[in-house]
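Remarks on the structure that follows.
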Amino acid sequence: MKLYINTILIFSLLFWGTLGRVFKGCSKADDVAHAGSYVKSLDHIPYQTNYKTMGRYLTSEAVIKEPLLLKRNLEATEIVDTKVINDLKMKDPSIKSQVDNIDEKFLPSERIAEYQKIIEKHAKNINFHDYKKLFKVVKLASKMKKFYILDGNVKDDNKEVSENYTYSKNGFNVHVPKGFYEITSLQNPIIDKIWMSDNAMITVYSFEKNDKKSLEQWKNFKGENRKILQLFESDERLINHSVFFEGEKIYGSLKILKQGNKILFVEISFDDHLSYIDGRKDLLSKI
């Protein structure tokens, strides 16, 4: 009897071990299915953007388990796809006719799916690599819009600054490097100017006097809406910091320029810690 029970026990362990390996092998497929279900549940994304479409601009597997990042990538994909369609319209009158027909017959929430059919049809003639930088800029803008409480919509028509571009305010000059785009579609009363590249943001604040009072206003702004501001390795004229909000984090350095009664707050921000470590000193030296 004891031998019989042991035989059953050994057989059970072998069975469940094999079944466990099968389930483990299916885990990635389950992740994809779960992500697909998540996409369908996004009320504010009524379009039919899929992983194949998004994969033109990035590797989709990297975002399967990150709902916030997945949502942002989907939104960025749809903005860039609209840019691709507009470029195709300019080059080919027959495509323009098709797009005009779509715009006339379909609701705004249905158009992207139709646009993507046209893109798929002409994919061999489109260099998607040319749109990858725009995708990164749009995705960064989407994240910074949330952290900086910016009104307006993220757009695809931002203009890149010229070589040796300088912005002057309150008697100070801010040098913005090539590769940054002026963002005019997003605003906040506390912010004067915004420029973004594919991995960083430069912000000029509206403060012009009283550095101590302005610094308190800046700290309050950074901590609005339950955001968590953390300062580190800072001094009187350079405030290094991170901001945590709703499961995400950004890193930045606030440079305080002062001459007599006049001040200017210039901030650089990065999407993640590695980008901050790699790019902070170089970008600060250029502005």
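Within each chain, counting starts at residue 1; across the structure tokens, chains are named A, B, ... in the order shown, with ligands numbered 1 upward in that order.
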What are the closest atom pairs, with distances in Å to one decimal, for each residue of segment 74-185 of chain A lying within 10 Å of segment 231-251 of chain A, using only C-alpha atoms, rows by chain and rising residue number, as a tab-separated table?
```
residue	atom	partner	partner_atom	distance
A:Lys143	CA	A:Ile250	CA	9.0
A:Met144	CA	A:Ile250	CA	8.5
A:Lys146	CA	A:Phe245	CA	8.9
A:Phe147	CA	A:Phe245	CA	7.4
```
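Taking segment 162-247 of chain A and asking which residues DSSP calls alpha helix (DSSP H) on the backbone, you get A:Asp211, A:Lys212, A:Lys213, A:Ser214, A:Leu215, A:Glu216, A:Gln217, A:Trp218, A:Lys219, A:Asn220, A:Phe221, A:Lys222.
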### Message
Neighbouring residues of Tyr205 of chain A were defined as those with any atom within 12 Å, considering only C-alpha atoms; residues of the same chain fewer than 5 positions away were excluded. Please report them as JSON, numbers by chain.
### Response
{"A": [148, 169, 170, 174, 187, 188, 189, 190, 191, 192, 193, 194, 211, 214, 215, 217, 218, 221, 254, 255, 256, 257, 263, 264, 265, 266, 267, 268]}
Report as a Markdown table the residues of segment 103-196 of chain A within 10 Å of segment 69-89 of chain A, each with its shortest atom pair and distance in Å (one decimal), using only C-alpha atoms, ordered by chain and increasing residue number.
```
| residue | atom | partner | partner_atom | distance |
| --- | --- | --- | --- | --- |
| A:Arg111 | CA | A:Thr82 | CA | 9.5 |
| A:Ile112 | CA | A:Glu78 | CA | 6.8 |
| A:Ala113 | CA | A:Glu78 | CA | 9.3 |
| A:Tyr115 | CA | A:Ile85 | CA | 6.7 |
| A:Gln116 | CA | A:Asp81 | CA | 7.2 |
| A:Ile118 | CA | A:Ile85 | CA | 8.0 |
| A:Ile119 | CA | A:Ile85 | CA | 7.1 |
| A:His122 | CA | A:Leu88 | CA | 9.1 |
| A:Asn125 | CA | A:Leu88 | CA | 9.9 |
| A:Ile126 | CA | A:Val84 | CA | 8.4 |
| A:Asn127 | CA | A:Val84 | CA | 9.8 |
| A:Phe128 | CA | A:Val84 | CA | 8.7 |
| A:Tyr131 | CA | A:Val80 | CA | 7.2 |
| A:Lys132 | CA | A:Val80 | CA | 8.8 |
| A:Leu134 | CA | A:Val80 | CA | 7.1 |
| A:Phe135 | CA | A:Ala76 | CA | 6.1 |
| A:Lys136 | CA | A:Ala76 | CA | 8.1 |
| A:Val137 | CA | A:Ala76 | CA | 8.9 |
| A:Val138 | CA | A:Ala76 | CA | 5.8 |
| A:Lys139 | CA | A:Ala76 | CA | 5.5 |
| A:Leu140 | CA | A:Arg72 | CA | 9.0 |
| A:Ala141 | CA | A:Ala76 | CA | 9.4 |
| A:Ser142 | CA | A:Arg72 | CA | 6.9 |
| A:Lys143 | CA | A:Arg72 | CA | 7.7 |
| A:Val154 | CA | A:Ile79 | CA | 8.2 |
| A:Lys155 | CA | A:Ile79 | CA | 7.1 |
| A:Asp156 | CA | A:Lys83 | CA | 6.5 |
| A:Asp157 | CA | A:Lys83 | CA | 8.3 |
```
### Summary
Correct to one decimal, the distance atom CA of Ile228 of chain A-atom CA of Glu182 of chain A is 27.2 Å
### Message
When you look at Ala200 of chain A with a cut-off of 7 Å (counting only C-alpha atoms), what residues show up, excluding the ones that are within fewer than 6 positions of it in the same chain? I need them as a list in words.
### Response
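Using only C-alpha atoms, the neighbours found are Ile268, Ser269, Phe270 and Asp271 of chain A.
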### Task
Write down as a count of residues only the residues of segment 79-216 of chain A whose backbone DSSP state falls under strand (DSSP E).
30
### Shortest interatomic distance to Phe172 of chain A - which of A:Lys117, A:Lys262, A:Ser206, A:Ile95, counting only C-alpha atoms
A:Lys262
### Query
Counting only C-alpha atoms, which of A:Glu114, A:Asp100, A:Glu120, A:Asp151 gets nearest to Ile183 of chain A?
A:Asp151
### Message
Please report the interatomic distance between atom CA of Met196 of chain A and atom CA of Val161 of chain A in Å with one decimal.
### Response
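Distance between the two atoms: 10.0 Å.
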